[in-house]
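Engineer: One file: query-v1.cif (mmCIF, C-alpha atoms).
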```cif
data_protein
#
loop_
_atom_site.label_atom_id
_atom_site.label_comp_id
_atom_site.auth_asym_id
_atom_site.auth_seq_id
_atom_site.Cartn_x
_atom_site.Cartn_y
_atom_site.Cartn_z
CA MET A 1 -22.59 -172.86 -39.74
CA ALA A 2 -26.25 -172.05 -39.93
CA ARG A 3 -28.44 -175.13 -40.12
CA LEU A 4 -31.83 -175.99 -41.52
CA ALA A 5 -34.02 -177.97 -39.17
CA GLY A 6 -35.55 -180.64 -41.36
CA ALA A 7 -34.14 -180.67 -44.87
CA PRO A 8 -36.55 -182.11 -47.42
CA GLY A 9 -36.26 -185.82 -47.84
CA ASP A 10 -33.94 -186.94 -45.07
CA GLY A 11 -35.23 -185.18 -41.96
CA ALA A 12 -31.70 -184.19 -40.98
CA ALA A 13 -30.28 -180.76 -40.42
CA ALA A 14 -28.79 -179.06 -43.46
CA PRO A 15 -27.21 -175.66 -44.08
CA VAL A 16 -29.49 -172.73 -44.79
CA CYS A 17 -26.84 -171.48 -47.18
CA ALA A 18 -23.17 -171.87 -47.90
CA ALA A 19 -20.71 -169.04 -47.54
CA ASP A 20 -18.77 -168.03 -50.63
CA GLY A 21 -16.19 -165.93 -48.82
CA ARG A 22 -17.18 -162.59 -50.38
CA TYR A 23 -18.11 -160.12 -47.67
CA GLY A 24 -18.22 -156.36 -47.57
CA GLU A 25 -17.23 -154.15 -44.69
CA GLU A 26 -20.89 -153.43 -43.91
CA GLU A 27 -21.58 -157.14 -43.51
CA ARG A 28 -18.58 -157.50 -41.21
CA ALA A 29 -19.76 -154.54 -39.12
CA VAL A 30 -23.29 -155.88 -38.82
CA SER A 31 -21.99 -159.33 -37.87
CA ASP A 32 -20.41 -157.79 -34.77
CA ASP A 33 -23.91 -156.81 -33.65
CA LEU A 34 -25.01 -160.45 -33.72
CA ARG A 35 -22.59 -161.62 -31.05
CA PRO A 36 -24.51 -163.41 -28.28
CA PRO A 37 -25.27 -161.41 -25.14
CA PRO A 38 -23.66 -162.97 -22.03
CA ARG A 39 -25.70 -161.13 -19.40
CA TRP A 40 -29.02 -162.85 -19.99
CA THR A 41 -27.33 -166.10 -21.04
CA ARG A 42 -26.03 -166.38 -17.48
CA VAL A 43 -29.64 -167.35 -16.67
CA ALA A 44 -29.13 -170.91 -17.84
CA GLU A 45 -31.50 -173.86 -17.89
CA ARG A 46 -32.65 -175.04 -14.49
CA GLY A 47 -33.56 -178.57 -13.53
CA SER A 48 -33.87 -181.68 -15.64
CA ILE A 49 -35.33 -182.11 -19.10
CA LEU A 50 -37.17 -185.11 -17.64
CA GLY A 51 -40.07 -182.89 -16.56
CA LEU A 52 -40.68 -181.72 -20.12
CA ARG A 53 -40.45 -185.26 -21.43
CA ILE A 54 -43.09 -186.34 -18.91
CA VAL A 55 -45.32 -183.47 -20.07
CA VAL A 56 -44.90 -184.61 -23.69
CA TRP A 57 -45.77 -188.18 -22.73
CA CYS A 58 -48.81 -187.02 -20.75
CA TYR A 59 -50.03 -184.82 -23.61
CA ARG A 60 -49.75 -187.62 -26.14
CA LEU A 61 -51.71 -190.01 -23.92
CA PHE A 62 -54.23 -187.81 -22.10
CA GLY A 63 -54.45 -184.51 -23.98
CA ARG A 64 -54.39 -180.92 -22.83
CA PRO A 65 -56.32 -180.80 -19.49
CA ALA A 66 -54.30 -183.51 -17.74
CA SER A 67 -51.04 -182.13 -19.14
CA LEU A 68 -51.79 -178.62 -17.88
CA ALA A 69 -52.40 -180.01 -14.38
CA LEU A 70 -48.92 -181.50 -14.50
CA VAL A 71 -47.48 -178.24 -15.82
CA HIS A 72 -48.93 -176.39 -12.83
CA ALA A 73 -47.21 -178.78 -10.43
CA ILE A 74 -43.87 -178.32 -12.19
CA VAL A 75 -44.09 -174.53 -12.32
CA THR A 76 -44.94 -174.40 -8.61
CA TYR A 77 -41.65 -176.13 -7.86
CA PHE A 78 -39.64 -173.75 -10.04
CA PHE A 79 -41.44 -170.73 -8.61
CA LEU A 80 -40.69 -171.71 -5.03
CA THR A 81 -37.03 -172.52 -5.73
CA GLY A 82 -36.23 -169.71 -8.19
CA ARG A 83 -35.41 -166.81 -5.88
CA ASN A 84 -33.64 -164.63 -8.47
CA ALA A 85 -36.33 -165.18 -11.09
CA ARG A 86 -39.04 -164.36 -8.52
CA ALA A 87 -37.26 -161.13 -7.62
CA ALA A 88 -36.97 -160.15 -11.29
CA SER A 89 -40.64 -160.95 -11.81
CA ARG A 90 -41.73 -158.82 -8.85
CA ALA A 91 -39.57 -155.90 -9.97
CA TYR A 92 -41.06 -156.07 -13.46
CA LEU A 93 -44.63 -156.36 -12.17
CA ARG A 94 -44.15 -153.33 -9.92
CA ARG A 95 -42.95 -151.38 -12.94
CA VAL A 96 -46.05 -152.42 -14.91
CA ALA A 97 -48.36 -151.59 -12.00
CA SER A 98 -47.00 -148.03 -11.91
CA VAL A 99 -48.70 -147.40 -15.27
CA PRO A 100 -52.53 -147.14 -15.10
CA GLU A 101 -53.22 -149.39 -18.09
CA GLY A 102 -50.67 -151.89 -16.82
CA ALA A 103 -52.24 -151.97 -13.36
CA ALA A 104 -55.63 -152.58 -14.95
CA ALA A 105 -54.28 -155.45 -17.05
CA LEU A 106 -52.60 -157.05 -14.02
CA GLY A 107 -55.89 -157.06 -12.16
CA ARG A 108 -54.20 -157.22 -8.75
CA ALA A 109 -51.31 -155.81 -6.75
CA PRO A 110 -47.82 -156.89 -7.93
CA ASP A 111 -47.50 -159.29 -5.01
CA PHE A 112 -46.34 -162.86 -4.44
CA TRP A 113 -49.38 -164.34 -6.16
CA ALA A 114 -49.10 -162.03 -9.15
CA SER A 115 -45.56 -163.29 -9.57
CA PHE A 116 -46.82 -166.88 -9.42
CA LEU A 117 -49.34 -166.06 -12.16
CA HIS A 118 -46.44 -164.65 -14.18
CA PHE A 119 -44.55 -167.95 -13.84
CA ARG A 120 -47.71 -169.91 -14.62
CA VAL A 121 -48.31 -168.06 -17.89
CA PHE A 122 -44.70 -168.68 -18.89
CA ALA A 123 -45.13 -172.40 -18.20
CA ILE A 124 -48.26 -172.50 -20.36
CA SER A 125 -46.34 -170.81 -23.17
CA ILE A 126 -43.69 -173.54 -22.98
CA PHE A 127 -46.45 -176.15 -23.06
CA ASP A 128 -48.03 -174.55 -26.13
CA ARG A 129 -44.60 -174.48 -27.73
CA ILE A 130 -44.44 -178.24 -27.22
CA VAL A 131 -47.86 -178.58 -28.86
CA LEU A 132 -46.66 -176.59 -31.89
CA TRP A 133 -43.45 -178.60 -32.22
CA LEU A 134 -45.46 -181.82 -32.08
CA ASP A 135 -46.95 -180.64 -35.38
CA ARG A 136 -50.36 -180.17 -33.81
CA GLU A 137 -51.09 -176.60 -34.87
CA GLY A 138 -54.77 -177.51 -35.07
CA ALA A 139 -54.79 -177.82 -31.28
CA LEU A 140 -54.17 -174.07 -31.06
CA GLU A 141 -56.22 -171.30 -32.62
CA PHE A 142 -54.57 -168.24 -34.16
CA GLU A 143 -56.20 -164.96 -35.07
CA VAL A 144 -53.95 -162.75 -37.18
CA SER A 145 -54.04 -158.97 -37.44
CA GLY A 146 -51.79 -157.48 -40.10
CA ARG A 147 -51.33 -160.45 -42.42
CA GLU A 148 -51.99 -158.10 -45.33
CA HIS A 149 -48.70 -156.27 -44.67
CA PHE A 150 -46.70 -159.33 -45.73
CA ALA A 151 -48.73 -159.78 -48.91
CA ARG A 152 -48.28 -156.10 -49.79
CA LEU A 153 -44.57 -155.66 -49.08
CA LEU A 154 -42.94 -159.02 -49.82
CA THR A 155 -41.96 -160.17 -53.31
CA PRO A 156 -40.28 -163.34 -54.62
CA GLN A 157 -37.02 -161.37 -54.84
CA ARG A 158 -37.27 -159.41 -51.60
CA GLY A 159 -38.22 -160.79 -48.24
CA GLY A 160 -38.31 -158.99 -44.93
CA ILE A 161 -37.05 -158.94 -41.35
CA VAL A 162 -39.45 -159.66 -38.49
CA VAL A 163 -38.48 -158.39 -35.04
CA GLY A 164 -40.21 -159.97 -32.07
CA ALA A 165 -39.64 -160.14 -28.33
CA HIS A 166 -39.79 -162.43 -25.33
CA LEU A 167 -43.45 -161.50 -25.10
CA GLY A 168 -46.13 -164.07 -25.84
CA SER A 169 -45.28 -166.84 -28.30
CA PHE A 170 -42.64 -166.22 -30.95
CA ASP A 171 -43.12 -169.83 -32.10
CA ALA A 172 -46.55 -168.83 -33.39
CA LEU A 173 -44.68 -167.39 -36.37
CA ARG A 174 -44.14 -170.97 -37.47
CA ALA A 175 -47.86 -171.68 -37.70
CA LEU A 176 -48.47 -168.37 -39.47
CA ALA A 177 -45.73 -169.13 -41.99
CA GLU A 178 -47.11 -172.56 -42.79
CA GLU A 179 -50.62 -171.17 -43.26
CA ASP A 180 -49.31 -168.53 -45.67
CA ARG A 181 -46.76 -170.90 -47.27
CA ARG A 182 -43.88 -168.58 -46.41
CA VAL A 183 -40.36 -169.68 -45.56
CA VAL A 184 -39.18 -168.41 -42.18
CA ASN A 185 -35.57 -168.33 -41.01
CA VAL A 186 -35.09 -167.68 -37.30
CA LEU A 187 -31.89 -166.03 -36.09
CA MET A 188 -31.43 -167.73 -32.76
CA TYR A 189 -28.88 -168.05 -29.98
CA THR A 190 -29.39 -171.54 -28.54
CA ARG A 191 -26.31 -172.19 -26.40
CA HIS A 192 -27.90 -170.96 -23.16
CA ALA A 193 -30.61 -173.66 -23.36
CA PRO A 194 -29.15 -176.62 -25.27
CA ARG A 195 -31.30 -179.31 -23.68
CA ILE A 196 -34.69 -177.73 -24.30
CA ASN A 197 -33.77 -176.83 -27.88
CA ALA A 198 -32.55 -180.39 -28.47
CA LEU A 199 -35.90 -181.65 -27.19
CA PHE A 200 -37.83 -179.44 -29.62
CA ARG A 201 -35.69 -180.68 -32.53
CA GLU A 202 -36.43 -184.22 -31.42
CA LEU A 203 -40.17 -183.53 -31.26
CA SER A 204 -40.27 -182.23 -34.82
CA PRO A 205 -37.25 -183.32 -36.88
CA ASP A 206 -39.07 -182.33 -40.08
CA ALA A 207 -39.88 -178.79 -38.96
CA HIS A 208 -39.97 -176.30 -41.81
CA VAL A 209 -38.55 -173.39 -39.82
CA ARG A 210 -34.90 -172.78 -40.58
CA VAL A 211 -32.48 -171.74 -37.86
CA ILE A 212 -29.52 -169.40 -38.39
CA GLN A 213 -27.16 -169.50 -35.43
CA ALA A 214 -26.53 -166.03 -33.99
CA ASP A 215 -22.85 -166.73 -33.47
CA GLY A 216 -21.42 -163.36 -34.47
CA SER A 217 -19.99 -164.70 -37.74
CA VAL A 218 -20.02 -163.02 -41.13
CA ASP A 219 -21.49 -166.30 -42.41
CA ALA A 220 -24.67 -165.49 -40.50
CA VAL A 221 -25.01 -162.14 -42.28
CA HIS A 222 -24.34 -163.82 -45.62
CA CYS A 223 -27.09 -166.37 -44.90
CA ILE A 224 -29.53 -163.62 -43.94
CA ARG A 225 -28.82 -161.78 -47.20
CA ALA A 226 -29.43 -164.96 -49.22
CA CYS A 227 -32.72 -165.58 -47.42
CA ILE A 228 -33.96 -162.04 -48.08
CA GLU A 229 -32.99 -162.30 -51.75
CA ARG A 230 -35.10 -165.47 -52.02
CA GLY A 231 -38.14 -163.58 -50.76
CA GLU A 232 -38.09 -165.25 -47.34
CA LEU A 233 -38.63 -163.90 -43.84
CA VAL A 234 -35.83 -163.63 -41.30
CA ALA A 235 -37.11 -163.44 -37.73
CA MET A 236 -35.20 -162.37 -34.63
CA LEU A 237 -35.84 -161.17 -31.10
CA GLY A 238 -35.00 -157.54 -30.43
CA ASP A 239 -35.41 -157.14 -26.68
CA ARG A 240 -32.10 -158.56 -25.38
CA VAL A 241 -28.57 -157.34 -25.97
CA GLU A 242 -25.03 -157.69 -24.67
CA PRO A 243 -24.07 -154.55 -22.69
CA SER A 244 -20.64 -154.43 -24.28
CA ASP A 245 -18.69 -151.80 -26.18
CA ARG A 246 -18.18 -154.17 -29.09
CA ASN A 247 -21.91 -154.21 -29.83
CA ARG A 248 -23.95 -151.36 -31.22
CA THR A 249 -26.80 -150.60 -28.84
CA CYS A 250 -29.27 -147.82 -28.33
CA ARG A 251 -30.78 -146.62 -25.06
CA VAL A 252 -34.49 -145.95 -25.35
CA PRO A 253 -37.40 -145.58 -22.89
CA LEU A 254 -39.30 -148.73 -21.96
CA LEU A 255 -41.77 -148.95 -19.08
CA GLY A 256 -40.51 -145.87 -17.29
CA ASN A 257 -36.77 -146.34 -17.63
CA ARG A 258 -34.17 -146.50 -20.36
CA VAL A 259 -32.90 -149.86 -21.57
CA GLU A 260 -30.26 -150.90 -24.05
CA LEU A 261 -31.65 -152.57 -27.15
CA PRO A 262 -29.72 -153.94 -30.12
CA GLU A 263 -29.34 -151.99 -33.34
CA ALA A 264 -28.57 -155.11 -35.38
CA PRO A 265 -32.09 -155.74 -36.78
CA TYR A 266 -32.31 -152.19 -38.11
CA LEU A 267 -28.78 -152.13 -39.51
CA LEU A 268 -29.49 -155.43 -41.26
CA ALA A 269 -32.72 -154.11 -42.76
CA SER A 270 -30.84 -151.05 -44.02
CA LEU A 271 -28.00 -153.13 -45.44
CA LEU A 272 -30.49 -155.36 -47.28
CA GLY A 273 -32.99 -152.64 -48.24
CA CYS A 274 -35.96 -154.67 -47.06
CA PRO A 275 -39.17 -154.15 -45.07
CA LEU A 276 -39.07 -154.33 -41.28
CA PHE A 277 -41.95 -155.84 -39.31
CA PHE A 278 -42.83 -156.05 -35.63
CA MET A 279 -44.66 -159.18 -34.48
CA VAL A 280 -45.97 -160.66 -31.24
CA ALA A 281 -48.48 -163.44 -30.59
CA LEU A 282 -50.40 -162.99 -27.35
CA ARG A 283 -52.41 -165.68 -25.62
CA GLU A 284 -56.00 -164.49 -25.19
CA ASP A 285 -57.62 -167.65 -23.88
CA ASP A 286 -56.79 -171.29 -23.41
CA ALA A 287 -55.28 -172.55 -26.68
CA ARG A 288 -56.08 -169.28 -28.50
CA TYR A 289 -53.55 -166.66 -29.64
CA HIS A 290 -53.82 -163.30 -31.35
CA VAL A 291 -50.92 -162.56 -33.70
CA HIS A 292 -50.16 -158.86 -34.17
CA ALA A 293 -48.06 -158.05 -37.25
CA GLU A 294 -47.15 -154.41 -37.77
CA VAL A 295 -44.91 -152.45 -40.14
CA LEU A 296 -41.99 -150.60 -38.59
CA ALA A 297 -40.67 -149.51 -42.01
CA GLU A 298 -41.70 -150.41 -45.55
CA ARG A 299 -38.06 -150.11 -46.61
CA VAL A 300 -35.23 -149.17 -44.28
CA GLU A 301 -33.03 -146.48 -45.81
CA PHE A 302 -30.89 -144.17 -43.69
CA PRO A 303 -30.28 -140.60 -44.89
CA ARG A 304 -26.63 -139.81 -45.50
CA GLY A 305 -25.02 -138.49 -42.35
CA GLU A 306 -28.08 -139.26 -40.20
CA ARG A 307 -27.73 -143.00 -39.69
CA ASN A 308 -27.42 -142.85 -35.90
CA LYS A 309 -30.51 -140.68 -35.60
CA ALA A 310 -32.50 -142.91 -37.96
CA VAL A 311 -31.47 -146.08 -36.12
CA ARG A 312 -32.42 -144.54 -32.78
CA GLU A 313 -35.85 -143.64 -34.14
CA LEU A 314 -36.45 -147.21 -35.33
CA VAL A 315 -35.31 -148.71 -32.02
CA ALA A 316 -37.59 -146.28 -30.17
CA ALA A 317 -40.49 -147.23 -32.45
CA TYR A 318 -39.88 -150.90 -31.67
CA ALA A 319 -39.72 -150.17 -27.93
CA GLY A 320 -42.96 -148.22 -28.17
CA ARG A 321 -44.81 -151.12 -29.77
CA LEU A 322 -43.24 -153.55 -27.29
CA GLU A 323 -44.40 -151.41 -24.37
CA HIS A 324 -47.91 -151.10 -25.81
CA HIS A 325 -48.39 -154.85 -26.15
CA THR A 326 -46.65 -155.58 -22.84
CA LEU A 327 -49.13 -153.37 -21.01
CA THR A 328 -52.05 -155.21 -22.62
CA ALA A 329 -50.66 -158.64 -21.66
CA PRO A 330 -48.22 -158.04 -18.78
CA TYR A 331 -48.06 -161.65 -17.59
CA GLN A 332 -46.70 -162.70 -20.98
CA TRP A 333 -43.37 -160.88 -20.56
CA PHE A 334 -40.75 -163.62 -20.31
CA ASN A 335 -37.52 -161.90 -19.28
CA PHE A 336 -36.91 -163.42 -15.85
CA PHE A 337 -33.70 -161.57 -15.06
CA ASP A 338 -32.67 -158.08 -13.97
CA TYR A 339 -33.76 -156.44 -17.21
CA TRP A 340 -33.46 -152.85 -16.00
CA HIS A 341 -30.27 -153.53 -13.98
CA GLU A 342 -31.96 -152.84 -10.67
CA GLY A 343 -30.01 -155.43 -8.70
CA SER A 344 -32.61 -158.20 -8.57
CA GLU A 345 -30.19 -160.83 -9.85
#
```
Please render this file's structure as structure tokens.

Structural biologist:
Amino acid sequence: MARLAGAPGDGAAAPVCAADGRYGEEERAVSDDLRPPPRWTRVAERGSILGLRIVVWCYRLFGRPASLALVHAIVTYFFLTGRNARAASRAYLRRVASVPEGAAALGRAPDFWASFLHFRVFAISIFDRIVLWLDREGALEFEVSGREHFARLLTPQRGGIVVGAHLGSFDALRALAEEDRRVVNVLMYTRHAPRINALFRELSPDAHVRVIQADGSVDAVHCIRACIERGELVAMLGDRVEPSDRNRTCRVPLLGNRVELPEAPYLLASLLGCPLFFMVALREDDARYHVHAEVLAERVEFPRGERNKAVRELVAAYAGRLEHHTLTAPYQWFNFFDYWHEGSE
């Protein structure tokens, strides 16, 4: 059952919506596309949650500078002991360096130290996520490009789907939503990292962001429909997928090679007849992020008999925007596994 993190009044989790048992075949088909992907979920949590708890304690007592020093010590340990993740990082950085604008953004050869910088930026993103979940949005600065798209395309009766990626900070959507007084529902698969997600719930039991479990159920699709009909946003990550025949995927170019990406966000947007947005929040300086919100489609409607072609075009458009922003901020790509199936795992 999908849950709401922080129901008004009691601070406990409550359902986003309740299923009424009435589902169409399209909803059942789309629900199959929400089944969790086992390949990347094999990269489970490493180490103890104690390190994060110490960082939280340090931040509360001493603030950001001292906490970041501790974060650097922790990430050094994980970098030195994470052989598979290091290999995946190096493979990705070499791919970025093969593109002129990517090489310029890296600022150095894709070597051992570049990989360490990659890990370091990831650690800082986790730290900033802690800051956000401690309800201290004021400690971070957000510049937003594209906020006007939401005002123009959303209505009280029709919300939209936001597709992000493991690039930059997806949690920044929470701060943006609270500033604009919009309700955000995040479709999330949490089973691969239960301890860290439990910690974030503990840090902010009254969080206003709702979570819909991506468990492959028709209930999840029903909840998404209800959210859209209330004029809310439903956010999901579109850069990871299960390479299985039971899921609908599309192979599109990304950083010089083809990758499989999920079709579910685009099929959902078509089923619900709602706008489709792309969003990433990239760290530009210490404690400062730039949120990029873009329109992939003002309303997703597939021509009769051309659904596959239309879906492929939307997935390719998403991949194009993902590649563009990845090349501007290459160290903020947080897929530390064999993303292109090159044997680095």

Engineer: Tell me, as a PyMOL selection string, which residues lie within 10 Å of Phe119 (chain A), counting all atoms listed in the file; anything in the same chain fewer than 6 positions away does not count.

Structural biologist: chain A and resi 72+75-76+78-79+85-86+89+113+125+331-334+336

Engineer: Would you mind telling me which residue in A:Ala91, A:Ala123, A:Leu296, A:Arg225 lies nearest to His341 (chain A) when using all atoms listed in the file?

Structural biologist: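 The shortest atom-to-atom distance to His341 (chain A) comes from A:Ala91.
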
Engineer: Using all atoms listed in the file, pick whichever of A:Tyr77, A:Tyr59, A:Phe122, A:Phe116 has the shortest atom-to-atom distance to Ala139 (chain A).

Structural biologist: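 Closest residue, counting all atoms listed in the file: A:Tyr59.
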
Engineer: Would you kindly translate the PyMOL selection byres ((chain A and resi 153-160) around 7) into the concrete residues it picks from this file, as a PyMOL selection string?

Structural biologist: chain A and resi 149-152+161-162+228-234+274-276+298

Engineer: Residues of the last selection are to be written out with C-alpha atoms, as an mmCIF file, in the coordinates of the input.

Structural biologist:
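Produced file out.cif, reproduced below:
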```cif
data_model
loop_
_atom_site.group_PDB
_atom_site.id
_atom_site.type_symbol
_atom_site.label_atom_id
_atom_site.label_comp_id
_atom_site.auth_asym_id
_atom_site.auth_seq_id
_atom_site.Cartn_x
_atom_site.Cartn_y
_atom_site.Cartn_z
ATOM 1 C CA HIS A 149 -48.700 -156.270 -44.670
ATOM 2 C CA PHE A 150 -46.700 -159.330 -45.730
ATOM 3 C CA ALA A 151 -48.730 -159.780 -48.910
ATOM 4 C CA ARG A 152 -48.280 -156.100 -49.790
ATOM 5 C CA ILE A 161 -37.050 -158.940 -41.350
ATOM 6 C CA VAL A 162 -39.450 -159.660 -38.490
ATOM 7 C CA ILE A 228 -33.960 -162.040 -48.080
ATOM 8 C CA GLU A 229 -32.990 -162.300 -51.750
ATOM 9 C CA ARG A 230 -35.100 -165.470 -52.020
ATOM 10 C CA GLY A 231 -38.140 -163.580 -50.760
ATOM 11 C CA GLU A 232 -38.090 -165.250 -47.340
ATOM 12 C CA LEU A 233 -38.630 -163.900 -43.840
ATOM 13 C CA VAL A 234 -35.830 -163.630 -41.300
ATOM 14 C CA CYS A 274 -35.960 -154.670 -47.060
ATOM 15 C CA PRO A 275 -39.170 -154.150 -45.070
ATOM 16 C CA LEU A 276 -39.070 -154.330 -41.280
ATOM 17 C CA GLU A 298 -41.700 -150.410 -45.550
#
```

Engineer: To one decimal place in Å, what is the distance between CA of Pro253 (chain A) and CA of Tyr339 (chain A)?

Structural biologist: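 Result for CA of Pro253 (chain A) versus CA of Tyr339 (chain A): 12.8 Å, one decimal.
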
Engineer: Check the smallest atom-to-atom distance from each of A:Ile224, A:Ala177, A:Leu132, A:Val144 to His290 (chain A) using all atoms listed in the file, then report the winner.

Structural biologist: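 Looking only at the distances to His290 (chain A), the closest residue turns out to be A:Val144.
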
Engineer: Would you mind listing what lies within 6 Å of Leu261 (chain A) as a list in words, with all atoms listed in the file counted and same-chain residues fewer than 5 positions away left out?

Structural biologist: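 Close residues of Leu261 (chain A): Asp239, Val241, Thr249 and Cys250 of chain A.
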
Engineer: Choose the residue, out of A:Val252, A:Val291, A:Ile49, A:Val163, that has the smallest atom-to-atom separation from Leu268 (chain A); count only C-alpha atoms.

Structural biologist: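 Nearest candidate to Leu268 (chain A) out of A:Val252, A:Val291, A:Ile49, A:Val163: A:Val163.
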
Engineer: What residues come out when you apply the PyMOL selection byres ((chain A and resi 302) around 10) to this file, written as number ranges by chain?

Structural biologist: A: 266-267, 270-271, 273, 299-301, 303-311

Engineer: When you count all atoms listed in the file, which of these residues is closest to Arg182 (chain A): A:Arg147, A:Trp133, A:Leu327, A:Leu140?

Structural biologist: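 Looking only at the distances to Arg182 (chain A), the closest residue turns out to be A:Arg147.
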
Engineer: If you measure from CA of Ile126 (chain A) to CA of Leu68 (chain A), what distance in Å do you get, rounded to one decimal?

Structural biologist: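 Rounded to one decimal, the two atoms are 10.8 Å apart.
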
Engineer: Go through A:Val221, A:Ala329, A:Leu254, A:Val211 one by one, measure the shortest atom-to-atom distance of each to Ala235 (chain A) using all atoms listed in the file, and give the residue with the smallest value.

Structural biologist: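 Smallest distance to Ala235 (chain A) is found for A:Val211.
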
Engineer: Let me know the residues the PyMOL selection byres ((chain A and resi 238) around 9) catches in the file above, as a CSV table (one decimal) with C-alpha atoms, in the coordinates of the input.

Structural biologist:
```csv
chain,number,residue,atom,x,y,z
A,163,VAL,CA,-38.5,-158.4,-35.0
A,164,GLY,CA,-40.2,-160.0,-32.1
A,165,ALA,CA,-39.6,-160.1,-28.3
A,166,HIS,CA,-39.8,-162.4,-25.3
A,236,MET,CA,-35.2,-162.4,-34.6
A,237,LEU,CA,-35.8,-161.2,-31.1
A,239,ASP,CA,-35.4,-157.1,-26.7
A,240,ARG,CA,-32.1,-158.6,-25.4
A,241,VAL,CA,-28.6,-157.3,-26.0
A,261,LEU,CA,-31.6,-152.6,-27.2
A,262,PRO,CA,-29.7,-153.9,-30.1
A,263,GLU,CA,-29.3,-152.0,-33.3
A,264,ALA,CA,-28.6,-155.1,-35.4
A,265,PRO,CA,-32.1,-155.7,-36.8
A,315,VAL,CA,-35.3,-148.7,-32.0
A,318,TYR,CA,-39.9,-150.9,-31.7
```

Engineer: Quick check, in Å to one decimal: how far apart do CA of Ala109 (chain A) and CA of Gly320 (chain A) lie?

Structural biologist: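 Those two atoms sit 24.2 Å apart.
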
Engineer: Please, could N, CA and C atoms be added to region 99-112 of chain A and the result written as a PDB file, keeping the file's coordinate frame?

Structural biologist:
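The resulting selection.pdb:
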```pdb
ATOM      1  N   VAL A  99     -48.029-147.996 -14.116  1.00  0.00           N
ATOM      2  CA  VAL A  99     -48.700-147.400 -15.270  1.00  0.00           C
ATOM      3  C   VAL A  99     -50.178-147.777 -15.196  1.00  0.00           C
ATOM      4  N   PRO A 100     -51.100-146.824 -15.292  1.00  0.00           N
ATOM      5  CA  PRO A 100     -52.530-147.140 -15.100  1.00  0.00           C
ATOM      6  C   PRO A 100     -53.032-148.295 -15.953  1.00  0.00           C
ATOM      7  N   GLU A 101     -52.711-148.297 -17.253  1.00  0.00           N
ATOM      8  CA  GLU A 101     -53.220-149.390 -18.090  1.00  0.00           C
ATOM      9  C   GLU A 101     -52.564-150.716 -17.730  1.00  0.00           C
ATOM     10  N   GLY A 102     -51.327-150.671 -17.261  1.00  0.00           N
ATOM     11  CA  GLY A 102     -50.670-151.890 -16.820  1.00  0.00           C
ATOM     12  C   GLY A 102     -51.293-152.439 -15.557  1.00  0.00           C
ATOM     13  N   ALA A 103     -51.592-151.550 -14.606  1.00  0.00           N
ATOM     14  CA  ALA A 103     -52.240-151.970 -13.360  1.00  0.00           C
ATOM     15  C   ALA A 103     -53.593-152.606 -13.648  1.00  0.00           C
ATOM     16  N   ALA A 104     -54.323-152.026 -14.599  1.00  0.00           N
ATOM     17  CA  ALA A 104     -55.630-152.580 -14.950  1.00  0.00           C
ATOM     18  C   ALA A 104     -55.493-153.965 -15.562  1.00  0.00           C
ATOM     19  N   ALA A 105     -54.482-154.152 -16.412  1.00  0.00           N
ATOM     20  CA  ALA A 105     -54.280-155.450 -17.050  1.00  0.00           C
ATOM     21  C   ALA A 105     -53.824-156.506 -16.054  1.00  0.00           C
ATOM     22  N   LEU A 106     -53.031-156.098 -15.047  1.00  0.00           N
ATOM     23  CA  LEU A 106     -52.600-157.050 -14.020  1.00  0.00           C
ATOM     24  C   LEU A 106     -53.794-157.556 -13.220  1.00  0.00           C
ATOM     25  N   GLY A 107     -54.696-156.668 -12.883  1.00  0.00           N
ATOM     26  CA  GLY A 107     -55.890-157.060 -12.160  1.00  0.00           C
ATOM     27  C   GLY A 107     -55.684-157.295 -10.673  1.00  0.00           C
ATOM     28  N   ARG A 108     -54.490-157.048 -10.163  1.00  0.00           N
ATOM     29  CA  ARG A 108     -54.200-157.220  -8.750  1.00  0.00           C
ATOM     30  C   ARG A 108     -52.887-156.519  -8.424  1.00  0.00           C
ATOM     31  N   ALA A 109     -52.573-156.415  -7.156  1.00  0.00           N
ATOM     32  CA  ALA A 109     -51.310-155.810  -6.750  1.00  0.00           C
ATOM     33  C   ALA A 109     -50.147-156.695  -7.210  1.00  0.00           C
ATOM     34  N   PRO A 110     -48.982-156.102  -7.471  1.00  0.00           N
ATOM     35  CA  PRO A 110     -47.820-156.890  -7.930  1.00  0.00           C
ATOM     36  C   PRO A 110     -47.178-157.653  -6.768  1.00  0.00           C
ATOM     37  N   ASP A 111     -47.928-158.581  -6.212  1.00  0.00           N
ATOM     38  CA  ASP A 111     -47.500-159.290  -5.010  1.00  0.00           C
ATOM     39  C   ASP A 111     -46.981-160.687  -5.348  1.00  0.00           C
ATOM     40  N   PHE A 112     -46.838-161.493  -4.311  1.00  0.00           N
ATOM     41  CA  PHE A 112     -46.340-162.860  -4.440  1.00  0.00           C
ATOM     42  C   PHE A 112     -47.176-163.668  -5.423  1.00  0.00           C
TER      43      PHE A 112
END
```
